[in-house]
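Chemist: Quick one: the structure is below, and I'll ask about it shortly.
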Amino acid sequence: MSTHLTTVAGVAVDTRHFIGGERVASTETFTDVSPIDGSVLAEISRGTAMEAAAAVAAAKAAFPAWATTPRAERARLLHAIADGVERRLEELALVETTDNGALLRSHRRGVMPRVAHNFRFFADWLLELDHEDFTTRGHTNHVTWDPAGPCVLITPWNAPLMLATWKVAPALAAGDTVVLKPAEWSPLTASLLADIATEAGLPAGVLNVVQGYGSEVGDPLTAHPDVRRISFTGSVPTARHIAASAAANLTPLSLELGGKSPLLVFADADLDLAADLAVEQYDNAGQVCLAATRILVEAPVAEEFTRRFTEKAAALRQGDPREEATDIGPTIHPRQLEKIDGFVRRALEAGARAVIGGHRGAGRYYAPTLLTDVRQDSEIVQEEVFGPVLTLQTFDDEDEAVRLANDTRFGLAATVATGDADRAARVTARLVAGTVWVNCFFVRDLKAPFGGSRHSGVGREGGTWSFDFYCDVKNTVTAPKGFKDHG
């Protein structure tokens, strides 16, 4: 077996980059470790400016042919990739769980099927993408979506393959070529995606995967003058760095960043439903950018809501994510665990009270935590923890609820629990958020726009919004005169 292959959960994974249809090794590597037990999974090729330049060159070389490939053929290839994902669904689920610690049952039943759906949706949307011609003083306006060029897609570690394919699928559908840079804490399923795309018949250079650290391979990718689009999901500080890097070339950006989303629970809400929604925020050990980590409860029902919440939270089982009965897995990395613990310790020292949790578990596990007696201007309320840590505050009326909900620098999402449809309409209209859920959570149709407001992001992706970003949208205006009759 090649020294560049590692076996993870019985699945062979190539640890090299994928550039121009070929596997390319670096002279240096970085270590990929499982968050489940700290075991070393692989030594991964560590990219540099050289690999970044080679990947962009491959994408640039492949672009003209891919951009002119008929829509129907691009759609067929995306469906073929989806077929490959479905054939290897169990392998992808096993590798991703081992690599990032998310629940195996979720990967099997929800995440990996959604990965396949991402490709199928944008393949189908591509074939339907159209804009009705319109006239201006007798002149015809015809809108088209022209492929933009090579794209750099930088993806996070908390849902590696699903979040990668939210970007890869529309970019490929749009006729762009792609350089995918996965997070260094969870790179393995991106490598498997390259294999699947090759088996599906995707031409060489259309999809490239480069691994490594942001400062070493991400910087030369985002600063490259031949890159025409950059899409990034991750932290605000990294987004600022990427934006500065892209500025010299005026490369358009799509940024989906952090959140500090609220869950507003009104006294007329179904409190069991509201408590279920709150407990759901511990999904993926709280490592979800959309998580409603600030629970805001109308004062008259705060005590009863807290009782129901704590009963439901007590039933959660934390442990090995490969076991069917597990509800909460580990934190992905020791640095992330230290970050979470630091947030909670500082909050407790400042006077917060832990209703549940407030401490580490064994290994890389952090106990599901709910903190009360927190100030609105405190760090724990204002900054993203990205772990299983929630805060609870009370409000007296709609105005105060909205004020507290909007009083952070973020605006990614919000969730509202209420039994009054009129109240839901009033409150959601006033919330600053890219997505608002009412009496539900994490329901996303790919036809809908997705992104954040304020420091939670720039731009929207999803449905036609994705094509608006990944394409150069062109309007051709034709006069009703001047053509010669060749008949």
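Each chain of the structure tokens is named A, B, ... in the order shown, its residues numbered from 1; ligands are numbered from 1 in display order.
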Would you tabulate, counting only C-alpha atoms, all residues of range 265-368 of chain A that have an atom at most 12 Å from an atom of range 402-418 of chain A, showing the closest pair of atoms and their distance in Å to one decimal, sorted by chain then ascending number, as JSON lines?
Modeler:
```
{"residue": "A:Val265", "atom": "CA", "partner": "A:Ala417", "partner_atom": "CA", "distance": 4.9}
{"residue": "A:Phe266", "atom": "CA", "partner": "A:Thr418", "partner_atom": "CA", "distance": 5.4}
{"residue": "A:Ala267", "atom": "CA", "partner": "A:Thr418", "partner_atom": "CA", "distance": 7.4}
{"residue": "A:Asp268", "atom": "CA", "partner": "A:Thr418", "partner_atom": "CA", "distance": 5.7}
{"residue": "A:Ala269", "atom": "CA", "partner": "A:Thr418", "partner_atom": "CA", "distance": 4.0}
{"residue": "A:Asp270", "atom": "CA", "partner": "A:Thr418", "partner_atom": "CA", "distance": 7.0}
{"residue": "A:Leu271", "atom": "CA", "partner": "A:Ala417", "partner_atom": "CA", "distance": 8.4}
{"residue": "A:Asp272", "atom": "CA", "partner": "A:Ala417", "partner_atom": "CA", "distance": 10.4}
{"residue": "A:Leu273", "atom": "CA", "partner": "A:Ala417", "partner_atom": "CA", "distance": 7.9}
{"residue": "A:Ala274", "atom": "CA", "partner": "A:Ala417", "partner_atom": "CA", "distance": 5.9}
{"residue": "A:Ala275", "atom": "CA", "partner": "A:Ala417", "partner_atom": "CA", "distance": 9.6}
{"residue": "A:Asp276", "atom": "CA", "partner": "A:Ala417", "partner_atom": "CA", "distance": 10.6}
{"residue": "A:Leu277", "atom": "CA", "partner": "A:Ala417", "partner_atom": "CA", "distance": 8.6}
{"residue": "A:Ala278", "atom": "CA", "partner": "A:Thr415", "partner_atom": "CA", "distance": 9.6}
{"residue": "A:Glu280", "atom": "CA", "partner": "A:Thr415", "partner_atom": "CA", "distance": 11.7}
{"residue": "A:Gln281", "atom": "CA", "partner": "A:Thr415", "partner_atom": "CA", "distance": 10.8}
{"residue": "A:Val288", "atom": "CA", "partner": "A:Ala413", "partner_atom": "CA", "distance": 11.4}
{"residue": "A:Cys289", "atom": "CA", "partner": "A:Leu412", "partner_atom": "CA", "distance": 8.1}
{"residue": "A:Leu290", "atom": "CA", "partner": "A:Ala413", "partner_atom": "CA", "distance": 6.0}
{"residue": "A:Ala291", "atom": "CA", "partner": "A:Ala413", "partner_atom": "CA", "distance": 8.0}
{"residue": "A:Ala292", "atom": "CA", "partner": "A:Ala414", "partner_atom": "CA", "distance": 6.6}
{"residue": "A:Thr293", "atom": "CA", "partner": "A:Ala414", "partner_atom": "CA", "distance": 9.8}
{"residue": "A:Arg294", "atom": "CA", "partner": "A:Ala405", "partner_atom": "CA", "distance": 8.2}
{"residue": "A:Ile295", "atom": "CA", "partner": "A:Ala405", "partner_atom": "CA", "distance": 9.2}
{"residue": "A:Leu296", "atom": "CA", "partner": "A:Ala405", "partner_atom": "CA", "distance": 7.7}
{"residue": "A:Val297", "atom": "CA", "partner": "A:Ala417", "partner_atom": "CA", "distance": 9.5}
{"residue": "A:Glu298", "atom": "CA", "partner": "A:Thr418", "partner_atom": "CA", "distance": 10.6}
{"residue": "A:Phe305", "atom": "CA", "partner": "A:Ala417", "partner_atom": "CA", "distance": 11.7}
```
Chemist: If you keep C-alpha atoms, can you produce a file of those selected residues as a PDB file, in the first residue's frame?
Modeler:
```pdb
ATOM      1  CA  VAL A 265     -39.204  32.245  24.356  1.00  0.00           C
ATOM      2  CA  PHE A 266     -42.476  34.096  24.943  1.00  0.00           C
ATOM      3  CA  ALA A 267     -44.925  33.252  27.707  1.00  0.00           C
ATOM      4  CA  ASP A 268     -47.515  32.063  25.173  1.00  0.00           C
ATOM      5  CA  ALA A 269     -45.105  29.519  23.653  1.00  0.00           C
ATOM      6  CA  ASP A 270     -45.423  25.763  23.918  1.00  0.00           C
ATOM      7  CA  LEU A 271     -42.804  25.417  26.648  1.00  0.00           C
ATOM      8  CA  ASP A 272     -42.034  21.789  25.880  1.00  0.00           C
ATOM      9  CA  LEU A 273     -41.338  22.754  22.275  1.00  0.00           C
ATOM     10  CA  ALA A 274     -39.263  25.714  23.432  1.00  0.00           C
ATOM     11  CA  ALA A 275     -37.242  23.534  25.797  1.00  0.00           C
ATOM     12  CA  ASP A 276     -36.670  21.010  23.011  1.00  0.00           C
ATOM     13  CA  LEU A 277     -35.423  23.816  20.753  1.00  0.00           C
ATOM     14  CA  ALA A 278     -33.064  25.002  23.488  1.00  0.00           C
ATOM     15  CA  GLU A 280     -31.134  21.120  20.385  1.00  0.00           C
ATOM     16  CA  GLN A 281     -28.526  23.899  20.579  1.00  0.00           C
ATOM     17  CA  VAL A 288     -22.556  25.072  15.218  1.00  0.00           C
ATOM     18  CA  CYS A 289     -22.332  28.641  13.972  1.00  0.00           C
ATOM     19  CA  LEU A 290     -26.132  28.936  13.810  1.00  0.00           C
ATOM     20  CA  ALA A 291     -26.684  27.754  17.387  1.00  0.00           C
ATOM     21  CA  ALA A 292     -29.028  29.894  19.464  1.00  0.00           C
ATOM     22  CA  THR A 293     -26.698  30.148  22.435  1.00  0.00           C
ATOM     23  CA  ARG A 294     -28.495  33.086  24.107  1.00  0.00           C
ATOM     24  CA  ILE A 295     -31.820  31.944  25.535  1.00  0.00           C
ATOM     25  CA  LEU A 296     -34.118  34.893  26.247  1.00  0.00           C
ATOM     26  CA  VAL A 297     -37.240  33.942  28.215  1.00  0.00           C
ATOM     27  CA  GLU A 298     -40.240  36.054  29.179  1.00  0.00           C
ATOM     28  CA  PHE A 305     -39.008  26.859  31.200  1.00  0.00           C
TER      29      PHE A 305
END
```
Chemist: Would you list, as a compact mmCIF listing (two decimals) with N, CA and C atoms, in the first residue's frame, the residues of range 124-352 of chain A that end up in helix (DSSP H, G or I) under DSSP run on this structure's backbone?
Modeler:
```
# COMPACT_ATOMS: atom_id res chain seq x y z
N ASP A 124 -29.98 20.40 -10.69
CA ASP A 124 -31.33 20.65 -11.19
C ASP A 124 -31.62 22.15 -11.32
N TRP A 125 -31.13 22.92 -10.33
CA TRP A 125 -31.38 24.37 -10.36
C TRP A 125 -30.70 25.00 -11.58
N LEU A 126 -29.52 24.49 -11.93
CA LEU A 126 -28.82 24.98 -13.10
C LEU A 126 -29.67 24.86 -14.35
N LEU A 127 -30.36 23.74 -14.49
CA LEU A 127 -31.17 23.52 -15.70
C LEU A 127 -32.41 24.40 -15.72
N GLU A 128 -32.84 24.87 -14.55
CA GLU A 128 -34.02 25.72 -14.47
C GLU A 128 -33.67 27.20 -14.45
N PRO A 160 -17.45 19.27 7.98
CA PRO A 160 -16.51 19.47 6.88
C PRO A 160 -17.07 19.24 5.49
N LEU A 161 -17.67 18.08 5.26
CA LEU A 161 -18.08 17.76 3.89
C LEU A 161 -19.36 18.47 3.50
N MET A 162 -20.31 18.56 4.40
CA MET A 162 -21.57 19.23 4.05
C MET A 162 -21.33 20.70 3.74
N LEU A 163 -20.54 21.39 4.59
CA LEU A 163 -20.30 22.80 4.35
C LEU A 163 -19.43 23.01 3.12
N ALA A 164 -18.52 22.08 2.85
CA ALA A 164 -17.72 22.19 1.63
C ALA A 164 -18.61 22.08 0.40
N THR A 165 -19.53 21.13 0.40
CA THR A 165 -20.35 20.91 -0.79
C THR A 165 -21.45 21.95 -0.94
N TRP A 166 -21.80 22.67 0.12
CA TRP A 166 -22.66 23.85 -0.03
C TRP A 166 -22.00 24.86 -0.96
N LYS A 167 -20.68 24.84 -1.04
CA LYS A 167 -19.94 25.77 -1.89
C LYS A 167 -19.51 25.11 -3.21
N VAL A 168 -18.95 23.91 -3.10
CA VAL A 168 -18.43 23.22 -4.28
C VAL A 168 -19.53 22.99 -5.31
N ALA A 169 -20.69 22.51 -4.87
CA ALA A 169 -21.76 22.16 -5.82
C ALA A 169 -22.23 23.36 -6.64
N PRO A 170 -22.58 24.50 -6.02
CA PRO A 170 -23.01 25.63 -6.85
C PRO A 170 -21.89 26.21 -7.70
N ALA A 171 -20.65 26.20 -7.18
CA ALA A 171 -19.54 26.73 -7.98
C ALA A 171 -19.35 25.90 -9.25
N LEU A 172 -19.35 24.57 -9.11
CA LEU A 172 -19.21 23.71 -10.28
C LEU A 172 -20.42 23.85 -11.22
N ALA A 173 -21.59 23.92 -10.65
CA ALA A 173 -22.79 24.09 -11.48
C ALA A 173 -22.72 25.38 -12.28
N LEU A 188 -10.08 14.93 6.00
CA LEU A 188 -10.08 13.64 5.32
C LEU A 188 -11.19 13.46 4.30
N THR A 189 -12.41 13.92 4.60
CA THR A 189 -13.49 13.67 3.63
C THR A 189 -13.35 14.53 2.39
N ALA A 190 -12.63 15.64 2.45
CA ALA A 190 -12.36 16.42 1.24
C ALA A 190 -11.52 15.61 0.27
N SER A 191 -10.58 14.84 0.81
CA SER A 191 -9.77 13.97 -0.04
C SER A 191 -10.64 12.89 -0.69
N LEU A 192 -11.56 12.32 0.08
CA LEU A 192 -12.46 11.32 -0.49
C LEU A 192 -13.37 11.93 -1.55
N LEU A 193 -13.77 13.19 -1.36
CA LEU A 193 -14.60 13.85 -2.37
C LEU A 193 -13.85 13.97 -3.69
N ALA A 194 -12.55 14.24 -3.64
CA ALA A 194 -11.77 14.30 -4.87
C ALA A 194 -11.80 12.96 -5.60
N ASP A 195 -11.69 11.87 -4.84
CA ASP A 195 -11.78 10.54 -5.46
C ASP A 195 -13.14 10.32 -6.11
N ILE A 196 -14.18 10.69 -5.40
CA ILE A 196 -15.55 10.49 -5.91
C ILE A 196 -15.76 11.30 -7.18
N ALA A 197 -15.28 12.55 -7.20
CA ALA A 197 -15.45 13.40 -8.37
C ALA A 197 -14.71 12.83 -9.57
N THR A 198 -13.53 12.28 -9.32
CA THR A 198 -12.76 11.67 -10.41
C THR A 198 -13.49 10.45 -10.96
N GLU A 199 -14.00 9.60 -10.07
CA GLU A 199 -14.74 8.42 -10.50
C GLU A 199 -16.00 8.80 -11.28
N ALA A 200 -16.57 9.96 -10.95
CA ALA A 200 -17.78 10.42 -11.64
C ALA A 200 -17.48 10.96 -13.03
N GLY A 214 -3.66 28.05 7.14
CA GLY A 214 -4.07 29.27 6.45
C GLY A 214 -2.92 30.18 6.09
N SER A 215 -1.98 30.36 7.00
CA SER A 215 -0.87 31.26 6.75
C SER A 215 0.06 30.75 5.66
N GLU A 216 0.08 29.44 5.44
CA GLU A 216 1.03 28.84 4.50
C GLU A 216 0.43 28.58 3.13
N VAL A 217 -0.81 28.15 3.09
CA VAL A 217 -1.43 27.85 1.80
C VAL A 217 -2.67 28.70 1.56
N GLY A 218 -3.38 29.09 2.63
CA GLY A 218 -4.57 29.92 2.47
C GLY A 218 -4.23 31.32 1.98
N ASP A 219 -3.18 31.92 2.53
CA ASP A 219 -2.82 33.29 2.12
C ASP A 219 -2.46 33.38 0.64
N PRO A 220 -1.59 32.50 0.13
CA PRO A 220 -1.30 32.61 -1.31
C PRO A 220 -2.49 32.27 -2.20
N LEU A 221 -3.44 31.48 -1.70
CA LEU A 221 -4.65 31.22 -2.48
C LEU A 221 -5.53 32.46 -2.57
N THR A 222 -5.77 33.09 -1.44
CA THR A 222 -6.70 34.23 -1.43
C THR A 222 -6.10 35.49 -2.05
N VAL A 236 -14.56 35.53 12.41
CA VAL A 236 -14.48 36.94 12.00
C VAL A 236 -13.01 37.37 11.81
N PRO A 237 -12.09 37.08 12.73
CA PRO A 237 -10.71 37.50 12.51
C PRO A 237 -10.10 36.94 11.23
N THR A 238 -10.37 35.67 10.94
CA THR A 238 -9.85 35.09 9.70
C THR A 238 -10.48 35.75 8.48
N ALA A 239 -11.77 36.07 8.56
CA ALA A 239 -12.44 36.73 7.45
C ALA A 239 -11.83 38.09 7.17
N ARG A 240 -11.50 38.82 8.23
CA ARG A 240 -10.85 40.12 8.02
C ARG A 240 -9.52 39.93 7.27
N HIS A 241 -8.78 38.92 7.67
CA HIS A 241 -7.49 38.64 7.04
C HIS A 241 -7.68 38.29 5.56
N ILE A 242 -8.67 37.45 5.27
CA ILE A 242 -8.94 37.05 3.89
C ILE A 242 -9.38 38.26 3.06
N ALA A 243 -10.24 39.09 3.63
CA ALA A 243 -10.71 40.27 2.91
C ALA A 243 -9.56 41.21 2.56
N ALA A 244 -8.64 41.38 3.51
CA ALA A 244 -7.48 42.23 3.24
C ALA A 244 -6.61 41.61 2.16
N SER A 245 -6.47 40.29 2.19
CA SER A 245 -5.67 39.59 1.19
C SER A 245 -6.29 39.71 -0.20
N ALA A 246 -7.62 39.64 -0.26
CA ALA A 246 -8.32 39.68 -1.54
C ALA A 246 -8.45 41.09 -2.09
N ALA A 247 -8.26 42.09 -1.25
CA ALA A 247 -8.54 43.46 -1.64
C ALA A 247 -7.68 43.93 -2.80
N LEU A 271 -44.06 25.46 25.92
CA LEU A 271 -42.80 25.42 26.65
C LEU A 271 -42.04 24.12 26.45
N ASP A 272 -42.75 23.03 26.21
CA ASP A 272 -42.03 21.79 25.88
C ASP A 272 -41.30 21.92 24.55
N LEU A 273 -41.98 22.51 23.56
CA LEU A 273 -41.34 22.75 22.27
C LEU A 273 -40.15 23.69 22.45
N ALA A 274 -40.34 24.75 23.22
CA ALA A 274 -39.26 25.71 23.43
C ALA A 274 -38.07 25.07 24.12
N ALA A 275 -38.33 24.23 25.10
CA ALA A 275 -37.24 23.53 25.80
C ALA A 275 -36.52 22.57 24.85
N ASP A 276 -37.29 21.89 24.00
CA ASP A 276 -36.67 21.01 23.01
C ASP A 276 -35.76 21.81 22.07
N LEU A 277 -36.23 22.97 21.63
CA LEU A 277 -35.42 23.82 20.75
C LEU A 277 -34.15 24.24 21.46
N ALA A 278 -34.25 24.57 22.74
CA ALA A 278 -33.06 25.00 23.49
C ALA A 278 -32.06 23.87 23.64
N VAL A 279 -32.54 22.68 23.97
CA VAL A 279 -31.65 21.53 24.13
C VAL A 279 -30.99 21.19 22.80
N GLU A 280 -31.68 21.42 21.71
CA GLU A 280 -31.13 21.12 20.39
C GLU A 280 -29.88 21.95 20.09
N GLN A 281 -29.70 23.05 20.81
CA GLN A 281 -28.53 23.90 20.58
C GLN A 281 -27.23 23.23 21.03
N TYR A 282 -27.32 22.12 21.75
CA TYR A 282 -26.13 21.36 22.12
C TYR A 282 -25.67 20.41 21.00
N ASP A 283 -26.40 20.40 19.89
CA ASP A 283 -26.03 19.51 18.78
C ASP A 283 -24.59 19.75 18.36
N ASN A 284 -23.90 18.68 18.00
CA ASN A 284 -22.50 18.73 17.57
C ASN A 284 -21.62 19.38 18.64
N ALA A 285 -21.94 19.08 19.91
CA ALA A 285 -21.21 19.63 21.05
C ALA A 285 -21.19 21.15 21.03
N GLY A 286 -22.26 21.74 20.50
CA GLY A 286 -22.36 23.20 20.45
C GLY A 286 -21.50 23.84 19.38
N ALA A 299 -40.19 36.69 31.51
CA ALA A 299 -39.98 36.49 32.94
C ALA A 299 -41.02 35.59 33.62
N PRO A 300 -42.32 35.73 33.33
CA PRO A 300 -43.30 34.91 34.06
C PRO A 300 -43.13 33.40 33.87
N VAL A 301 -42.51 32.98 32.77
CA VAL A 301 -42.38 31.54 32.53
C VAL A 301 -40.94 31.06 32.64
N ALA A 302 -40.03 31.93 33.08
CA ALA A 302 -38.61 31.57 33.12
C ALA A 302 -38.34 30.38 34.03
N GLU A 303 -38.97 30.36 35.20
CA GLU A 303 -38.72 29.26 36.13
C GLU A 303 -39.22 27.94 35.57
N GLU A 304 -40.43 27.95 35.00
CA GLU A 304 -40.99 26.71 34.45
C GLU A 304 -40.20 26.26 33.21
N PHE A 305 -39.82 27.22 32.36
CA PHE A 305 -39.01 26.86 31.20
C PHE A 305 -37.69 26.21 31.65
N THR A 306 -37.05 26.81 32.64
CA THR A 306 -35.76 26.28 33.11
C THR A 306 -35.92 24.88 33.66
N ARG A 307 -37.01 24.63 34.37
CA ARG A 307 -37.25 23.29 34.90
C ARG A 307 -37.37 22.27 33.77
N ARG A 308 -38.16 22.60 32.77
CA ARG A 308 -38.34 21.66 31.66
C ARG A 308 -37.04 21.48 30.88
N PHE A 309 -36.32 22.57 30.69
CA PHE A 309 -35.06 22.48 29.97
C PHE A 309 -34.07 21.57 30.68
N THR A 310 -33.91 21.76 31.98
CA THR A 310 -32.92 20.97 32.72
C THR A 310 -33.29 19.50 32.76
N GLU A 311 -34.59 19.21 32.81
CA GLU A 311 -35.02 17.80 32.75
C GLU A 311 -34.63 17.16 31.42
N LYS A 312 -34.86 17.88 30.35
CA LYS A 312 -34.54 17.35 29.02
C LYS A 312 -33.02 17.26 28.83
N ALA A 313 -32.29 18.26 29.29
CA ALA A 313 -30.84 18.25 29.14
C ALA A 313 -30.21 17.11 29.94
N ALA A 314 -30.81 16.79 31.09
CA ALA A 314 -30.26 15.71 31.93
C ALA A 314 -30.34 14.36 31.24
N PRO A 334 -7.89 20.12 21.43
CA PRO A 334 -7.55 20.66 22.75
C PRO A 334 -7.59 22.18 22.82
N ARG A 335 -7.21 22.87 21.75
CA ARG A 335 -7.26 24.34 21.77
C ARG A 335 -8.69 24.83 21.88
N GLN A 336 -9.60 24.15 21.19
CA GLN A 336 -11.00 24.55 21.29
C GLN A 336 -11.55 24.27 22.68
N LEU A 337 -11.15 23.16 23.27
CA LEU A 337 -11.59 22.83 24.63
C LEU A 337 -11.09 23.89 25.62
N GLU A 338 -9.85 24.30 25.47
CA GLU A 338 -9.30 25.33 26.35
C GLU A 338 -10.06 26.65 26.18
N LYS A 339 -10.41 26.96 24.95
CA LYS A 339 -11.15 28.19 24.68
C LYS A 339 -12.51 28.17 25.36
N ILE A 340 -13.23 27.06 25.23
CA ILE A 340 -14.55 26.93 25.85
C ILE A 340 -14.42 27.05 27.37
N ASP A 341 -13.49 26.31 27.94
CA ASP A 341 -13.32 26.32 29.39
C ASP A 341 -12.95 27.71 29.89
N GLY A 342 -12.14 28.43 29.13
CA GLY A 342 -11.77 29.78 29.52
C GLY A 342 -12.96 30.72 29.56
N PHE A 343 -13.83 30.63 28.56
CA PHE A 343 -15.04 31.45 28.55
C PHE A 343 -15.88 31.18 29.80
N VAL A 344 -16.09 29.92 30.12
CA VAL A 344 -16.96 29.58 31.25
C VAL A 344 -16.31 29.99 32.58
N ARG A 345 -15.03 29.73 32.75
CA ARG A 345 -14.36 30.10 34.00
C ARG A 345 -14.43 31.61 34.23
N ARG A 346 -14.20 32.39 33.19
CA ARG A 346 -14.26 33.84 33.34
C ARG A 346 -15.67 34.30 33.66
N ALA A 347 -16.67 33.66 33.06
CA ALA A 347 -18.06 34.02 33.35
C ALA A 347 -18.41 33.71 34.79
N LEU A 348 -18.00 32.54 35.27
CA LEU A 348 -18.29 32.17 36.67
C LEU A 348 -17.57 33.11 37.63
N GLU A 349 -16.36 33.48 37.31
CA GLU A 349 -15.62 34.41 38.17
C GLU A 349 -16.28 35.79 38.19
```
Chemist: For the atom pair CA of Ile380 in chain A and CA of Leu264 in chain A, what is the interatomic distance in Å to one decimal place?
Modeler: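 Spanning CA of Ile380 in chain A to CA of Leu264 in chain A is a straight-line distance of 17.5 Å.
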Chemist: As an MDAnalysis selection string, list the residues of range 29-113 of chain A assigned to strand (DSSP E) by DSSP on the backbone atoms of this structure.
Modeler: chainID A and resid 29:33 40:45
Chemist: Could you take the residues named above and write them with C-alpha atoms, as a compact mmCIF listing (two decimals), in the first residue's frame?
Modeler:
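Output saved as again.txt:
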```
# COMPACT_ATOMS: atom_id res chain seq x y z
CA THR A 29 3.21 17.17 6.71
CA PHE A 30 0.90 18.01 9.58
CA THR A 31 -0.70 15.56 12.00
CA ASP A 32 -4.42 14.83 11.94
CA VAL A 33 -5.75 13.51 15.26
CA VAL A 40 -3.18 9.92 15.29
CA LEU A 41 -5.13 9.34 12.07
CA ALA A 42 -2.65 10.48 9.46
CA GLU A 43 0.24 12.68 8.43
CA ILE A 44 -1.30 15.05 5.88
CA SER A 45 0.57 16.81 3.07
```
Chemist: Between CA of Trp66 in chain A and CA of Arg88 in chain A, what is the distance in Å, rounded to a tenth?
Modeler: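 Interatomic distance here is 25.7 Å.
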Chemist: Quote the spacing between CA of Met50 in chain A and CA of Gly149 in chain A in Å to one decimal place.
Modeler: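 Answer for the CA of Met50 in chain A to CA of Gly149 in chain A separation: 20.2 Å.
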Chemist: Can you list, as a ChimeraX atom specification, every protein, DNA or RNA residue that comes within 9 Å of Ala159 in chain A when you count only C-alpha atoms, leaving out same-chain residues fewer than 6 positions away?
Modeler: /A:96,100,102,111,186,284,287-288
Chemist: Output N, CA and C atoms of each residue in that selection to a file, as a tab-separated table (two decimals), in the first residue's frame.
Modeler:
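For reference, selection_6.tsv as written:
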```tsv
chain	number	residue	atom	x	y	z
A	96	GLU	N	-15.70	10.75	8.60
A	96	GLU	CA	-15.95	12.09	9.15
A	96	GLU	C	-16.16	12.05	10.66
A	100	ASN	N	-13.77	14.30	12.95
A	100	ASN	CA	-14.19	15.54	13.64
A	100	ASN	C	-15.07	15.30	14.85
A	102	ALA	N	-18.22	14.35	15.28
A	102	ALA	CA	-19.68	14.51	15.23
A	102	ALA	C	-20.34	13.13	15.22
A	111	VAL	N	-26.48	14.04	7.48
A	111	VAL	CA	-25.42	14.86	6.89
A	111	VAL	C	-25.00	14.36	5.52
A	186	SER	N	-9.83	18.75	10.15
A	186	SER	CA	-10.74	17.70	9.64
A	186	SER	C	-10.66	17.63	8.12
A	284	ASN	N	-23.90	18.68	18.00
A	284	ASN	CA	-22.50	18.73	17.57
A	284	ASN	C	-21.62	19.38	18.64
A	287	GLN	N	-20.86	23.04	18.55
A	287	GLN	CA	-19.94	23.56	17.53
A	287	GLN	C	-20.71	23.82	16.23
A	288	VAL	N	-21.68	24.73	16.33
A	288	VAL	CA	-22.56	25.07	15.22
A	288	VAL	C	-22.68	26.59	15.18
```
Chemist: Pick the closest to Gly419 in chain A from A:Ile36, A:Ala53, A:Val438, A:Leu92: which is it, counting only C-alpha atoms?
Modeler: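 The answer is A:Val438, which sits nearest to Gly419 in chain A.
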Chemist: Rank A:Asp99, A:Glu461, A:Asp397, A:Asp130 by their smallest atom-to-atom distance to Gly38 in chain A, using only C-alpha atoms, and report the top residue only.
Modeler: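 Once distances to Gly38 in chain A are computed over only C-alpha atoms, the minimum belongs to A:Asp99.
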Chemist: Can you pull out every residue within 9 Å of Pro449 in chain A, counting only C-alpha atoms, but drop anything in the same chain fewer than 2 positions away, and send it as a list in words?
Modeler: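 Once the adjacent positions are removed, what remains is Gly434, Thr435, Asp445, Leu446, Lys447, Gly451, Arg460, Glu461, Gly462, Gly463, Thr464, Trp465 and Ser466 of chain A.
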Chemist: With a distance cut-off of 12 Å and only C-alpha atoms, select the neighbouring residues of Asp133 in chain A, excluding the residue or stretch itself and same-chain residues fewer than 5 positions from it, and output the selection as a list in words.
Modeler: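 Listed by chain and then number, they are Gly138, His139, Thr140, Asn141, His142, Val143, Thr144, Asn475, Thr476, Val477 and Thr478 of chain A.
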Chemist: I want to know what sits within 9 Å of His17 in chain A, based on only C-alpha atoms, with residues of the same chain fewer than 5 positions away left out; could you give that as a PyMOL selection string?
Modeler: chain A and resi 22-26+44-47+51+191+208-211
